[in-house]
Every structure is written in structure tokens, then in C-alpha cells.
Amino acid sequence: MAQATTSPPKLHKTTRTSTRTFRIDEDVDQRLQQLSDGMGVSANQLANRALRKLVEWDDYAEKFGFVTWPSALVVEMMASISDPDVERLGLWAGSNIWTEFIFFWFKKISTENIVDALKVLFPKYAKGFDCEYLYDAVDRKHVIVIKHGLGQKWSVYYEHLLRGLFRGAGKEIEVDGMENQLVVRVKT
């Protein structure tokens with residue numbers, strides 16, 4: 001008998017669909033209908049979005065012990081940390097937690113997998129920042145803009161997190177940091 005392997009779902013929406021029937025609790029169905037009416041989308045779209053989040057994020061995040069906290073609490077906690085400790089924390093998180101998470105998700109640490117995680121997974125589910133991406137073909141660099149709006153300490157944290165993360169792929173990065181965003185360049 002062949003052993004089942006777990007492979008990560010694709011990060012990009014496909015056009016093919018499958019038909020499947022589920023039984024859901026009445027109270028969940030009522031709330032789903034309220035949400036879909038309020039958002040002007042079908043209940044099917046909301047259910048698909050919830051299932052996509054389960055397979056793209058929740059399943060992996062739960063295995064890594066992620067917790068959900070109010071953003072105001074996280075911002076206040078960061079404000080109480082010294083600048084050298086912010087740098088150390090960012091480097092540690094990038095070299096450990098996020099490197100392990102990306103490896104677990106993609107089964108390989110590479111520049112491309114890190115870029116995919118930054119473009120899609122982290123902004124969509126972790127919600128710590130928005131990301132804009134372009135590839136500079138002339139200089140052969142990935143250009144990643146991280147917009148977080150959380151102030152200077154968060155820029156320092158994200159800079160060091162990304163340094164640790166890309167070092168795991170054997171890459172050094174160039175960073176232009178501002179109070180509420182970073183521009184990161186990575187050679188291919």
C-alpha cells in the first residue's frame with residue numbers, strides 16, 4: 001500500500017473546481033448566509049475561502065503553535081523592547097520560526113519559496129504587513145516592498161527577520177528601511 005504524503009496546496013488560485021457535499025451545523029449555515037448577504041458574495045465563495053485558509057495556513061500554523069493576539073497588544077509589546085533586543089528577536093524569528101515554517105510548508109528553503117511566502121501567505125494570513133513585489137530583470141534582483149504601518153521598531157524587526165530568513169537560503173539582502181515600510185532587494 002502506498003503511503004500518503006502531505007504536499008502543500010498551491011498558493012495560486014486554480015480555475016478547476018471539484019463538487020463536494022458537506023453537512024454543516026444549522027447555526028453555522030445561518031451565520032454563513034448572514035455574512036454572504038452582508039458582503040454581497042455567495043455562501044459558496046465564503047466557504048471556499050474558509051477552506052482555503054484551513055489548507056493554506058491554519059493546518060500549518062497550528063502545528064507551529066501560532067497564537068492570535070490583538071494587534072494593539074503586539075504593538076505595545078514591541079514598544080517595550082529595547083532596540084538591540086528588537087534586532088535580536090527579528091534575526092532569531094527569521095532564522096528559526098519562519099525558516100522552519102517555510103521549510104515545513106514548501107519542503108525546501110529557497111529564495112523563490114521565501115518570496116512566495118512573503119507575497120501570498122504572510123500578508124493574507126499572518127496579516128503583519130502588505131507586500132508588493134517586482135522582479136528587476138536588469139539587475140537580476142527580487143524587489144520586495146513590505147508595508148506595515150507600525151513604526152520604526154517594526155521596520156527594524158522585519159529587516160532582521162528577513163535577513164535571518166534569506167540567510168537560510170544562502171542569500172544576503174539589501175534593505176532600505178523607513179518608519180513604516182522596507183524595500184528589500186535579493187539577487188537571484
# chains A, B, ... in the order shown; residues from 1 in each chain; ligands from 1
>>> select_by_dssp(residues="region 144-186 of chain A", states="strand (DSSP E or B)", output="NGL selection string")
:A and (144-147 or 173-177 or 181-186)
>>> atom_distance(atom1="CA of Ile144 (chain A)", atom2="CA of Val75 (chain A)")
22.9 Å
>>> residues_around(residues="region 184-188 of chain A", least_positions_apart="3", cutoff="7 Å", atoms="only C-alpha atoms", output="ChimeraX atom specification")
/A:140-145,172-176
>>> write_last_selection(atoms="N, CA and C atoms", output="CSV table (one decimal), in the first residue's frame")
chain,number,residue,atom,x,y,z
A,140,ARG,N,18.8,41.7,-12.0
A,140,ARG,CA,18.5,40.3,-11.6
A,140,ARG,C,18.3,40.2,-10.1
A,141,LYS,N,17.3,41.0,-9.7
A,141,LYS,CA,17.0,41.1,-8.2
A,141,LYS,C,15.5,41.0,-8.0
A,142,HIS,N,15.1,40.3,-7.0
A,142,HIS,CA,13.8,40.4,-6.5
A,142,HIS,C,13.7,41.7,-5.7
A,143,VAL,N,12.6,42.4,-5.9
A,143,VAL,CA,12.4,43.7,-5.1
A,143,VAL,C,11.1,43.5,-4.4
A,144,ILE,N,11.2,43.5,-3.1
A,144,ILE,CA,10.0,43.3,-2.2
A,144,ILE,C,9.8,44.5,-1.3
A,145,VAL,N,8.6,45.0,-1.4
A,145,VAL,CA,8.2,46.2,-0.5
A,145,VAL,C,7.3,45.7,0.6
A,172,GLU,N,22.2,37.1,1.0
A,172,GLU,CA,22.2,38.4,1.8
A,172,GLU,C,21.3,39.4,1.1
A,173,ILE,N,20.7,40.3,1.8
A,173,ILE,CA,19.8,41.2,1.3
A,173,ILE,C,20.3,42.6,1.4
A,174,GLU,N,19.8,43.5,0.6
A,174,GLU,CA,19.9,44.9,0.7
A,174,GLU,C,18.6,45.5,1.2
A,175,VAL,N,18.6,46.4,2.2
A,175,VAL,CA,17.4,46.9,2.8
A,175,VAL,C,17.5,48.4,2.8
A,176,ASP,N,16.4,49.0,2.4
A,176,ASP,CA,16.2,50.5,2.6
A,176,ASP,C,15.0,50.5,3.5
>>> closest_residue(among="A:Phe64, A:Phe166, A:Trp57, A:Trp154", to="Glu100 (chain A)", atoms="only C-alpha atoms")
A:Phe64
>>> residues_around(residues="region 28-30 of chain A", least_positions_apart="5", cutoff="10 Å", atoms="only C-alpha atoms", output="MDAnalysis selection string")
chainID A and resid 23 35:36 43 47
>>> residues_around(residues="Gln45 (chain A)", least_positions_apart="6", cutoff="12 Å", atoms="only C-alpha atoms", output="list in words")
Thr17, Leu32, Gln33, Leu35, Ser36, Asp37, Met39, Leu51 and Arg52 of chain A
>>> closest_residue(among="A:Ile109, A:Leu165, A:Asp83, A:Thr21", to="Ile97 (chain A)", atoms="only C-alpha atoms")
A:Leu165
>>> residues_around(residues="Asp130 (chain A)", least_positions_apart="2", cutoff="7 Å", atoms="only C-alpha atoms", output="list in words")
Pro123, Glu132, Ile146, Lys147 and His148 of chain A
>>> atom_distance(atom1="CA of Tyr157 (chain A)", atom2="CA of Lys53 (chain A)")
25.9 Å
>>> decode(residues="region 100-149 of chain A", atoms="N, CA and C atoms", output="PDB file, in the first residue's frame")
ATOM      1  N   GLU A 100      11.793  27.576   9.551  1.00  0.00           N
ATOM      2  CA  GLU A 100      11.209  26.258   9.777  1.00  0.00           C
ATOM      3  C   GLU A 100       9.807  26.170   9.184  1.00  0.00           C
ATOM      4  N   PHE A 101       9.030  27.234   9.341  1.00  0.00           N
ATOM      5  CA  PHE A 101       7.664  27.254   8.810  1.00  0.00           C
ATOM      6  C   PHE A 101       7.682  27.133   7.285  1.00  0.00           C
ATOM      7  N   ILE A 102       8.534  27.898   6.619  1.00  0.00           N
ATOM      8  CA  ILE A 102       8.613  27.846   5.158  1.00  0.00           C
ATOM      9  C   ILE A 102       9.125  26.476   4.702  1.00  0.00           C
ATOM     10  N   PHE A 103      10.102  25.948   5.414  1.00  0.00           N
ATOM     11  CA  PHE A 103      10.596  24.610   5.070  1.00  0.00           C
ATOM     12  C   PHE A 103       9.486  23.577   5.210  1.00  0.00           C
ATOM     13  N   PHE A 104       8.736  23.652   6.290  1.00  0.00           N
ATOM     14  CA  PHE A 104       7.641  22.723   6.529  1.00  0.00           C
ATOM     15  C   PHE A 104       6.589  22.841   5.426  1.00  0.00           C
ATOM     16  N   TRP A 105       6.284  24.051   5.034  1.00  0.00           N
ATOM     17  CA  TRP A 105       5.247  24.314   4.044  1.00  0.00           C
ATOM     18  C   TRP A 105       5.678  23.889   2.644  1.00  0.00           C
ATOM     19  N   PHE A 106       6.875  24.333   2.231  1.00  0.00           N
ATOM     20  CA  PHE A 106       7.342  24.101   0.864  1.00  0.00           C
ATOM     21  C   PHE A 106       8.273  22.891   0.722  1.00  0.00           C
ATOM     22  N   LYS A 107       8.751  22.355   1.846  1.00  0.00           N
ATOM     23  CA  LYS A 107       9.697  21.222   1.861  1.00  0.00           C
ATOM     24  C   LYS A 107      11.083  21.603   1.368  1.00  0.00           C
ATOM     25  N   LYS A 108      11.352  22.889   1.197  1.00  0.00           N
ATOM     26  CA  LYS A 108      12.653  23.357   0.742  1.00  0.00           C
ATOM     27  C   LYS A 108      12.761  24.861   1.042  1.00  0.00           C
ATOM     28  N   ILE A 109      13.950  25.278   1.478  1.00  0.00           N
ATOM     29  CA  ILE A 109      14.213  26.709   1.649  1.00  0.00           C
ATOM     30  C   ILE A 109      14.899  27.200   0.384  1.00  0.00           C
ATOM     31  N   SER A 110      14.281  28.140  -0.272  1.00  0.00           N
ATOM     32  CA  SER A 110      14.869  28.748  -1.466  1.00  0.00           C
ATOM     33  C   SER A 110      14.394  30.194  -1.531  1.00  0.00           C
ATOM     34  N   THR A 111      15.101  30.977  -2.301  1.00  0.00           N
ATOM     35  CA  THR A 111      14.694  32.372  -2.482  1.00  0.00           C
ATOM     36  C   THR A 111      13.269  32.442  -3.016  1.00  0.00           C
ATOM     37  N   GLU A 112      12.949  31.609  -3.996  1.00  0.00           N
ATOM     38  CA  GLU A 112      11.619  31.628  -4.606  1.00  0.00           C
ATOM     39  C   GLU A 112      10.532  31.264  -3.602  1.00  0.00           C
ATOM     40  N   ASN A 113      10.787  30.279  -2.750  1.00  0.00           N
ATOM     41  CA  ASN A 113       9.786  29.896  -1.750  1.00  0.00           C
ATOM     42  C   ASN A 113       9.604  30.983  -0.700  1.00  0.00           C
ATOM     43  N   ILE A 114      10.686  31.628  -0.319  1.00  0.00           N
ATOM     44  CA  ILE A 114      10.576  32.740   0.636  1.00  0.00           C
ATOM     45  C   ILE A 114       9.781  33.880   0.014  1.00  0.00           C
ATOM     46  N   VAL A 115      10.078  34.196  -1.235  1.00  0.00           N
ATOM     47  CA  VAL A 115       9.357  35.266  -1.926  1.00  0.00           C
ATOM     48  C   VAL A 115       7.875  34.918  -2.031  1.00  0.00           C
ATOM     49  N   ASP A 116       7.548  33.671  -2.392  1.00  0.00           N
ATOM     50  CA  ASP A 116       6.134  33.265  -2.456  1.00  0.00           C
ATOM     51  C   ASP A 116       5.448  33.424  -1.103  1.00  0.00           C
ATOM     52  N   ALA A 117       6.128  33.016  -0.038  1.00  0.00           N
ATOM     53  CA  ALA A 117       5.544  33.154   1.302  1.00  0.00           C
ATOM     54  C   ALA A 117       5.312  34.627   1.645  1.00  0.00           C
ATOM     55  N   LEU A 118       6.279  35.481   1.307  1.00  0.00           N
ATOM     56  CA  LEU A 118       6.139  36.911   1.601  1.00  0.00           C
ATOM     57  C   LEU A 118       5.026  37.549   0.775  1.00  0.00           C
ATOM     58  N   LYS A 119       4.884  37.124  -0.479  1.00  0.00           N
ATOM     59  CA  LYS A 119       3.877  37.706  -1.362  1.00  0.00           C
ATOM     60  C   LYS A 119       2.471  37.242  -1.023  1.00  0.00           C
ATOM     61  N   VAL A 120       2.325  35.983  -0.653  1.00  0.00           N
ATOM     62  CA  VAL A 120       0.986  35.412  -0.540  1.00  0.00           C
ATOM     63  C   VAL A 120       0.621  35.020   0.886  1.00  0.00           C
ATOM     64  N   LEU A 121       1.390  34.124   1.486  1.00  0.00           N
ATOM     65  CA  LEU A 121       0.988  33.568   2.785  1.00  0.00           C
ATOM     66  C   LEU A 121       0.955  34.594   3.902  1.00  0.00           C
ATOM     67  N   PHE A 122       2.057  35.304   4.107  1.00  0.00           N
ATOM     68  CA  PHE A 122       2.146  36.179   5.273  1.00  0.00           C
ATOM     69  C   PHE A 122       1.156  37.346   5.223  1.00  0.00           C
ATOM     70  N   PRO A 123       1.051  38.064   4.108  1.00  0.00           N
ATOM     71  CA  PRO A 123       0.068  39.153   4.089  1.00  0.00           C
ATOM     72  C   PRO A 123      -1.382  38.658   4.195  1.00  0.00           C
ATOM     73  N   LYS A 124      -1.660  37.527   3.553  1.00  0.00           N
ATOM     74  CA  LYS A 124      -3.029  37.018   3.510  1.00  0.00           C
ATOM     75  C   LYS A 124      -3.485  36.458   4.848  1.00  0.00           C
ATOM     76  N   TYR A 125      -2.583  35.778   5.554  1.00  0.00           N
ATOM     77  CA  TYR A 125      -2.996  35.084   6.766  1.00  0.00           C
ATOM     78  C   TYR A 125      -2.353  35.614   8.045  1.00  0.00           C
ATOM     79  N   ALA A 126      -1.054  35.867   8.055  1.00  0.00           N
ATOM     80  CA  ALA A 126      -0.415  36.376   9.267  1.00  0.00           C
ATOM     81  C   ALA A 126      -0.792  37.840   9.493  1.00  0.00           C
ATOM     82  N   LYS A 127      -1.024  38.559   8.424  1.00  0.00           N
ATOM     83  CA  LYS A 127      -1.547  39.931   8.420  1.00  0.00           C
ATOM     84  C   LYS A 127      -0.673  40.943   9.132  1.00  0.00           C
ATOM     85  N   GLY A 128       0.633  40.696   9.196  1.00  0.00           N
ATOM     86  CA  GLY A 128       1.529  41.653   9.825  1.00  0.00           C
ATOM     87  C   GLY A 128       1.956  42.764   8.881  1.00  0.00           C
ATOM     88  N   PHE A 129       1.786  42.544   7.579  1.00  0.00           N
ATOM     89  CA  PHE A 129       2.206  43.537   6.598  1.00  0.00           C
ATOM     90  C   PHE A 129       1.560  43.237   5.251  1.00  0.00           C
ATOM     91  N   ASP A 130       1.614  44.234   4.373  1.00  0.00           N
ATOM     92  CA  ASP A 130       1.259  44.058   2.971  1.00  0.00           C
ATOM     93  C   ASP A 130       2.558  43.961   2.196  1.00  0.00           C
ATOM     94  N   CYS A 131       2.503  43.335   1.066  1.00  0.00           N
ATOM     95  CA  CYS A 131       3.710  43.114   0.284  1.00  0.00           C
ATOM     96  C   CYS A 131       3.453  43.444  -1.179  1.00  0.00           C
ATOM     97  N   GLU A 132       4.388  44.183  -1.755  1.00  0.00           N
ATOM     98  CA  GLU A 132       4.394  44.410  -3.197  1.00  0.00           C
ATOM     99  C   GLU A 132       5.680  43.800  -3.726  1.00  0.00           C
ATOM    100  N   TYR A 133       5.609  43.256  -4.924  1.00  0.00           N
ATOM    101  CA  TYR A 133       6.744  42.534  -5.469  1.00  0.00           C
ATOM    102  C   TYR A 133       6.955  42.883  -6.938  1.00  0.00           C
ATOM    103  N   LEU A 134       8.216  42.944  -7.324  1.00  0.00           N
ATOM    104  CA  LEU A 134       8.562  43.007  -8.738  1.00  0.00           C
ATOM    105  C   LEU A 134       9.915  42.366  -8.930  1.00  0.00           C
ATOM    106  N   TYR A 135      10.152  41.932 -10.148  1.00  0.00           N
ATOM    107  CA  TYR A 135      11.447  41.363 -10.467  1.00  0.00           C
ATOM    108  C   TYR A 135      12.180  42.351 -11.361  1.00  0.00           C
ATOM    109  N   ASP A 136      13.367  42.760 -10.937  1.00  0.00           N
ATOM    110  CA  ASP A 136      14.213  43.674 -11.700  1.00  0.00           C
ATOM    111  C   ASP A 136      15.114  42.827 -12.591  1.00  0.00           C
ATOM    112  N   ALA A 137      14.722  42.678 -13.867  1.00  0.00           N
ATOM    113  CA  ALA A 137      15.458  41.819 -14.789  1.00  0.00           C
ATOM    114  C   ALA A 137      16.828  42.383 -15.139  1.00  0.00           C
ATOM    115  N   VAL A 138      16.972  43.706 -15.094  1.00  0.00           N
ATOM    116  CA  VAL A 138      18.250  44.327 -15.427  1.00  0.00           C
ATOM    117  C   VAL A 138      19.302  43.969 -14.382  1.00  0.00           C
ATOM    118  N   ASP A 139      18.968  44.174 -13.101  1.00  0.00           N
ATOM    119  CA  ASP A 139      19.907  43.873 -12.019  1.00  0.00           C
ATOM    120  C   ASP A 139      19.767  42.443 -11.493  1.00  0.00           C
ATOM    121  N   ARG A 140      18.823  41.695 -12.045  1.00  0.00           N
ATOM    122  CA  ARG A 140      18.547  40.323 -11.621  1.00  0.00           C
ATOM    123  C   ARG A 140      18.317  40.243 -10.113  1.00  0.00           C
ATOM    124  N   LYS A 141      17.333  41.039  -9.665  1.00  0.00           N
ATOM    125  CA  LYS A 141      17.002  41.084  -8.236  1.00  0.00           C
ATOM    126  C   LYS A 141      15.500  40.995  -8.037  1.00  0.00           C
ATOM    127  N   HIS A 142      15.134  40.305  -6.968  1.00  0.00           N
ATOM    128  CA  HIS A 142      13.767  40.364  -6.482  1.00  0.00           C
ATOM    129  C   HIS A 142      13.680  41.658  -5.677  1.00  0.00           C
ATOM    130  N   VAL A 143      12.625  42.437  -5.888  1.00  0.00           N
ATOM    131  CA  VAL A 143      12.406  43.658  -5.118  1.00  0.00           C
ATOM    132  C   VAL A 143      11.094  43.482  -4.364  1.00  0.00           C
ATOM    133  N   ILE A 144      11.187  43.528  -3.055  1.00  0.00           N
ATOM    134  CA  ILE A 144      10.043  43.268  -2.189  1.00  0.00           C
ATOM    135  C   ILE A 144       9.815  44.505  -1.331  1.00  0.00           C
ATOM    136  N   VAL A 145       8.607  45.035  -1.375  1.00  0.00           N
ATOM    137  CA  VAL A 145       8.249  46.170  -0.537  1.00  0.00           C
ATOM    138  C   VAL A 145       7.322  45.656   0.557  1.00  0.00           C
ATOM    139  N   ILE A 146       7.755  45.815   1.785  1.00  0.00           N
ATOM    140  CA  ILE A 146       6.978  45.406   2.955  1.00  0.00           C
ATOM    141  C   ILE A 146       6.385  46.672   3.572  1.00  0.00           C
ATOM    142  N   LYS A 147       5.063  46.770   3.565  1.00  0.00           N
ATOM    143  CA  LYS A 147       4.364  47.924   4.148  1.00  0.00           C
ATOM    144  C   LYS A 147       3.623  47.453   5.393  1.00  0.00           C
ATOM    145  N   HIS A 148       4.027  48.016   6.539  1.00  0.00           N
ATOM    146  CA  HIS A 148       3.432  47.538   7.791  1.00  0.00           C
ATOM    147  C   HIS A 148       2.724  48.622   8.588  1.00  0.00           C
ATOM    148  N   GLY A 149       3.117  49.868   8.493  1.00  0.00           N
ATOM    149  CA  GLY A 149       2.441  50.954   9.192  1.00  0.00           C
ATOM    150  C   GLY A 149       2.526  50.897  10.708  1.00  0.00           C
TER     151      GLY A 149
END
